[in-house]
file coords-v5.txt (compact mmCIF, C-alpha atoms)
# COMPACT_ATOMS: atom_id res chain seq x y z
CA MET A 237 146.47 149.07 36.90
CA VAL A 238 148.53 151.31 39.20
CA PHE A 239 149.65 149.84 42.54
CA GLN A 240 147.95 151.85 45.33
CA PRO A 241 149.01 150.41 48.67
CA GLN A 242 147.45 151.27 51.99
CA LEU A 243 149.80 153.45 54.04
CA LYS A 244 149.79 153.64 57.82
CA ILE A 245 151.84 156.31 59.65
CA LEU A 246 154.51 154.70 61.78
CA ILE A 247 156.64 157.77 62.66
CA SER A 248 155.25 161.31 62.42
CA ARG A 249 156.94 164.35 60.95
CA ASP A 250 157.28 165.80 64.50
CA GLU A 251 158.88 162.62 65.83
CA ILE A 252 161.37 162.68 62.95
CA ALA A 253 162.19 166.36 63.62
CA LYS A 254 162.89 165.58 67.30
CA ALA A 255 165.10 162.63 66.39
CA VAL A 256 167.04 164.71 63.84
CA GLU A 257 167.61 167.39 66.48
CA ARG A 258 168.87 164.75 68.94
CA LEU A 259 171.18 163.19 66.34
CA ALA A 260 172.58 166.60 65.37
CA SER A 261 173.38 167.30 69.02
CA GLU A 262 175.19 163.96 69.38
CA ILE A 263 177.15 164.54 66.15
CA GLU A 264 178.13 168.08 67.20
CA ARG A 265 179.40 166.74 70.52
CA ASP A 266 181.50 164.02 68.87
CA TYR A 267 182.89 166.17 66.05
CA GLN A 268 183.60 169.35 68.03
CA GLY A 269 186.60 171.14 66.52
CA LYS A 270 186.49 168.97 63.39
CA GLN A 271 185.09 169.36 59.90
CA PRO A 272 183.64 165.98 59.00
CA LEU A 273 182.83 164.83 55.50
CA LEU A 274 179.23 163.63 55.40
CA ILE A 275 178.61 161.00 52.76
CA GLY A 276 174.96 160.55 51.87
CA VAL A 277 173.75 157.34 50.31
CA LEU A 278 171.53 158.25 47.37
CA LYS A 279 168.75 158.40 46.75
CA GLY A 280 167.07 157.54 50.03
CA ALA A 281 169.22 159.47 52.49
CA PHE A 282 168.97 162.88 50.81
CA VAL A 283 165.85 164.05 52.70
CA PHE A 284 167.21 162.93 56.09
CA MET A 285 170.65 164.36 55.29
CA ALA A 286 169.17 167.74 54.31
CA ASP A 287 167.20 167.88 57.55
CA LEU A 288 170.27 166.85 59.54
CA ILE A 289 172.73 169.36 58.11
CA ARG A 290 170.28 172.19 58.72
CA GLN A 291 170.33 171.24 62.42
CA LEU A 292 174.11 170.96 62.67
CA ASN A 293 176.03 173.91 64.04
CA LEU A 294 179.22 172.48 62.63
CA PRO A 295 181.22 173.03 59.45
CA VAL A 296 180.73 170.00 57.23
CA GLU A 297 181.48 168.99 53.68
CA LEU A 298 179.07 166.87 51.66
CA GLU A 299 179.59 163.98 49.28
CA PHE A 300 177.26 161.36 47.85
CA VAL A 301 177.45 157.77 46.71
CA ARG A 302 174.77 155.80 44.95
CA LEU A 303 174.42 152.08 45.43
CA SER A 304 171.80 149.60 44.33
CA SER A 305 170.65 146.28 45.71
CA TYR A 306 166.86 146.53 45.36
CA GLY A 307 165.85 147.78 41.93
CA ALA A 308 162.03 147.69 41.75
CA ALA A 309 161.73 144.86 44.28
CA ARG A 310 160.70 144.90 47.93
CA GLU A 311 163.54 142.55 48.88
CA SER A 312 167.26 143.18 48.52
CA SER A 313 168.91 141.13 45.79
CA GLY A 314 171.94 140.71 48.06
CA ARG A 315 174.20 141.99 45.27
CA VAL A 316 175.41 145.57 45.71
CA ARG A 317 176.44 147.72 42.78
CA VAL A 318 178.19 151.10 42.97
CA ILE A 319 176.30 153.35 40.58
CA GLN A 320 178.05 156.58 41.63
CA GLY A 321 181.30 156.42 43.59
CA LEU A 322 183.17 159.07 45.56
CA LYS A 323 184.60 162.11 43.86
CA THR A 324 186.25 163.49 47.04
CA PRO A 325 189.37 161.86 48.51
CA ILE A 326 188.69 160.67 52.08
CA LYS A 327 192.16 159.51 53.20
CA GLY A 328 192.82 161.02 56.63
CA ARG A 329 189.34 162.60 56.83
CA ASP A 330 186.70 162.19 59.52
CA VAL A 331 183.85 160.56 57.59
CA LEU A 332 180.22 160.23 58.67
CA VAL A 333 177.99 158.11 56.43
CA ILE A 334 174.33 159.16 56.34
CA GLU A 335 171.85 156.39 55.47
CA ASP A 336 168.06 156.22 55.42
CA ILE A 337 167.65 152.59 56.49
CA VAL A 338 169.62 149.52 57.46
CA ASP A 339 167.63 146.47 56.44
CA THR A 340 169.71 143.33 55.82
CA GLY A 341 172.92 145.29 56.44
CA ILE A 342 174.46 144.00 53.22
CA THR A 343 174.48 147.33 51.38
CA ILE A 344 175.84 149.42 54.26
CA SER A 345 178.48 146.79 55.12
CA PHE A 346 179.59 146.84 51.50
CA LEU A 347 179.83 150.65 51.60
CA LEU A 348 181.71 150.78 54.91
CA ASP A 349 184.24 148.21 53.63
CA TYR A 350 184.60 150.24 50.41
CA LEU A 351 185.27 153.40 52.45
CA ARG A 352 187.65 151.75 54.97
CA LYS A 353 189.91 150.77 52.07
CA LYS A 354 190.33 154.49 51.35
CA LYS A 355 191.81 155.00 54.85
CA PRO A 356 189.71 157.73 56.50
CA ALA A 357 190.89 159.00 59.91
CA SER A 358 187.54 157.93 61.33
CA LEU A 359 184.40 156.35 59.92
CA ARG A 360 181.00 156.47 61.61
CA LEU A 361 177.45 155.70 60.58
CA CYS A 362 174.27 157.76 61.12
CA VAL A 363 171.01 156.01 60.20
CA LEU A 364 167.44 157.27 60.27
CA THR A 365 165.83 153.82 60.56
CA ASP A 366 167.08 150.35 61.42
CA LYS A 367 165.40 146.94 61.08
CA PRO A 368 167.60 144.78 63.33
CA SER A 369 165.33 141.76 62.89
CA ARG A 370 166.32 141.69 59.19
CA HIS A 371 170.10 141.99 59.57
CA ARG A 372 171.99 139.27 57.71
CA VAL A 373 175.36 140.81 58.53
CA PRO A 374 176.32 142.70 61.70
CA VAL A 375 176.19 146.49 61.47
CA SER A 376 177.46 148.93 64.06
CA ILE A 377 175.37 152.12 64.00
CA ASP A 378 176.86 155.13 65.80
CA TYR A 379 173.83 157.44 65.53
CA LEU A 380 170.33 155.99 65.18
CA GLY A 381 167.00 157.72 64.76
CA PHE A 382 164.51 154.84 65.02
CA THR A 383 164.25 151.08 65.19
CA VAL A 384 161.40 149.92 62.96
CA PRO A 385 159.56 146.61 62.67
CA ASP A 386 160.00 144.13 59.86
CA LYS A 387 157.58 145.95 57.56
CA PHE A 388 158.20 147.77 54.29
CA VAL A 389 158.49 151.48 55.16
CA VAL A 390 158.34 154.56 52.94
CA GLY A 391 158.50 158.33 53.36
CA CYS A 392 161.16 160.84 54.43
CA GLY A 393 163.29 159.71 51.48
CA LEU A 394 162.50 155.99 51.75
CA ASP A 395 160.81 154.67 48.63
CA PHE A 396 159.11 151.78 46.96
CA ASP A 397 160.07 151.73 43.28
CA GLU A 398 160.84 155.49 43.38
CA LYS A 399 157.45 156.34 44.93
CA PHE A 400 156.51 157.82 48.32
CA ARG A 401 159.84 159.57 49.11
CA TYR A 402 157.90 162.83 49.49
CA LEU A 403 155.87 161.71 52.51
CA PRO A 404 156.83 163.84 55.55
CA GLY A 405 156.52 160.93 57.98
CA ILE A 406 157.49 157.30 57.77
CA CYS A 407 154.68 154.97 56.78
CA VAL A 408 154.23 151.22 56.60
CA ILE A 409 152.95 149.75 53.34
CA GLU A 410 150.14 147.42 54.31
CA ASP A 411 149.19 144.68 51.88
call {"tool": "encode", "arguments": {"input": "coords-v5.txt", "output": "structure tokens"}}
result
Amino acid sequence: MVFQPQLKILISRDEIAKAVERLASEIERDYQGKQPLLIGVLKGAFVFMADLIRQLNLPVELEFVRLSSYGAARESSGRVRVIQGLKTPIKGRDVLVIEDIVDTGITISFLLDYLRKKKPASLRLCVLTDKPSRHRVPVSIDYLGFTVPDKFVVGCGLDFDEKFRYLPGICVIED
């Protein structure tokens, strides 16, 4: 039997578009006269990142990393694996990490530590959604779209076992 959860819209497509526009404006202000390297965390951040770069009036370069701590589960395993690392050197670069969600904070903390060791000129974090009630490690977010409740969310790149990324809004999976 195929799992068919009930989905409830939490954040609409229009609300996401407004937040992306706001974030792009903040990023443009902070990176004026610079050419930051945007590092997207695959797979989840690709939809948000695509929307964001189309709103930026700023020359940027793109890079991607792929990490795993969930697999097919709804809870993080707490162990982070680098599946695809950086191909672009970041030493001395202004780096902006683009992430779909901060849940426990373990994965993004791991990534930020990994990147700091490569000595970028600056390192900031832009996140579409944050679940501060779930943080197990502190995370400093420079650009934030939305704070979400402690529910499992999908859509706009966020998935459950590779499903529901295509949804234009962000939905809660209701049991």
call {"tool": "residues_around", "arguments": {"input": "coords-v5.txt", "residues": "region 384-395 of chain A", "least_positions_apart": "3", "cutoff": "7 Å", "atoms": "all atoms listed in the file", "output": "list of chain:residue names"}}
result
A:Gly280, A:Ala281, A:Phe282, A:Val283, A:Phe284, A:Asp336, A:Thr365, A:Asp366, A:Lys367, A:Ser369, A:Arg370, A:Glu398, A:Lys399, A:Phe400, A:Arg401, A:Tyr402, A:Leu403, A:Pro404, A:Gly405, A:Ile406, A:Cys407, A:Val408, A:Ile409
call {"tool": "closest_atom_pairs", "arguments": {"input": "coords-v5.txt", "of": "region 326-391 of chain A", "to": "region 251-270 of chain A", "cutoff": "8 Å", "atoms": "all atoms listed in the file", "output": "JSON lines"}}
result
{"residue": "A:Asp330", "atom": "CA", "partner": "A:Lys270", "partner_atom": "CA", "distance": 7.8}
{"residue": "A:Tyr379", "atom": "CA", "partner": "A:Leu259", "partner_atom": "CA", "distance": 6.4}
{"residue": "A:Leu380", "atom": "CA", "partner": "A:Leu259", "partner_atom": "CA", "distance": 7.3}
{"residue": "A:Gly381", "atom": "CA", "partner": "A:Ala255", "partner_atom": "CA", "distance": 5.5}
{"residue": "A:Phe382", "atom": "CA", "partner": "A:Ala255", "partner_atom": "CA", "distance": 7.9}
call {"tool": "closest_residue", "arguments": {"input": "coords-v5.txt", "among": "A:Ile289, A:Cys362, A:Leu274, A:Leu294", "to": "Glu335 (chain A)", "atoms": "all atoms listed in the file"}}
result
A:Cys362
call {"tool": "residues_near_point", "arguments": {"input": "coords-v5.txt", "point": "(179.2, 158.3, 59.5)", "cutoff": "10 Å", "atoms": "all atoms listed in the file", "output": "ChimeraX atom specification"}}
result
/A:263,272-276,330-335,348,358-363,377-379
call {"tool": "atom_distance", "arguments": {"input": "coords-v5.txt", "atom1": "CA of His371 (chain A)", "atom2": "CA of Gln240 (chain A)"}}
result
28.1 Å
call {"tool": "build_atoms", "arguments": {"input": "coords-v5.txt", "residues": "region 343-361 of chain A", "atoms": "N, CA and C atoms", "output": "short mmCIF file (atom, residue, chain, number, x, y, z; two decimals), in the frame of the given file"}}
result
data_model
loop_
_atom_site.label_atom_id
_atom_site.label_comp_id
_atom_site.auth_asym_id
_atom_site.auth_seq_id
_atom_site.Cartn_x
_atom_site.Cartn_y
_atom_site.Cartn_z
N THR A 343 174.08 146.14 52.14
CA THR A 343 174.48 147.33 51.38
C THR A 343 175.39 148.22 52.20
N ILE A 344 175.02 148.50 53.46
CA ILE A 344 175.84 149.42 54.26
C ILE A 344 177.18 148.77 54.62
N SER A 345 177.20 147.47 54.85
CA SER A 345 178.48 146.79 55.12
C SER A 345 179.40 146.89 53.91
N PHE A 346 178.81 146.70 52.74
CA PHE A 346 179.59 146.84 51.50
C PHE A 346 180.19 148.25 51.42
N LEU A 347 179.35 149.27 51.68
CA LEU A 347 179.83 150.65 51.60
C LEU A 347 180.91 150.94 52.63
N LEU A 348 180.71 150.51 53.86
CA LEU A 348 181.71 150.78 54.91
C LEU A 348 183.03 150.11 54.58
N ASP A 349 183.00 148.89 54.06
CA ASP A 349 184.24 148.21 53.63
C ASP A 349 184.91 148.99 52.50
N TYR A 350 184.12 149.43 51.54
CA TYR A 350 184.60 150.24 50.41
C TYR A 350 185.31 151.50 50.93
N LEU A 351 184.70 152.16 51.91
CA LEU A 351 185.27 153.40 52.45
C LEU A 351 186.50 153.13 53.32
N ARG A 352 186.49 152.08 54.12
CA ARG A 352 187.65 151.75 54.97
C ARG A 352 188.92 151.56 54.14
N LYS A 353 188.77 150.99 52.96
CA LYS A 353 189.91 150.77 52.07
C LYS A 353 190.55 152.08 51.64
N LYS A 354 189.82 153.17 51.74
CA LYS A 354 190.33 154.49 51.35
C LYS A 354 190.98 155.22 52.52
N LYS A 355 191.06 154.56 53.67
CA LYS A 355 191.81 155.00 54.85
C LYS A 355 191.39 156.35 55.44
N PRO A 356 190.11 156.51 55.80
CA PRO A 356 189.71 157.73 56.50
C PRO A 356 190.29 157.72 57.92
N ALA A 357 190.42 158.90 58.52
CA ALA A 357 190.89 159.00 59.91
C ALA A 357 189.88 158.34 60.85
N SER A 358 188.61 158.56 60.57
CA SER A 358 187.54 157.93 61.33
C SER A 358 186.36 157.69 60.39
N LEU A 359 185.55 156.71 60.75
CA LEU A 359 184.40 156.35 59.92
C LEU A 359 183.26 155.96 60.85
N ARG A 360 182.18 156.73 60.78
CA ARG A 360 181.00 156.47 61.61
C ARG A 360 179.77 156.42 60.72
N LEU A 361 178.68 155.91 61.33
CA LEU A 361 177.45 155.70 60.58
C LEU A 361 176.27 156.32 61.32
#
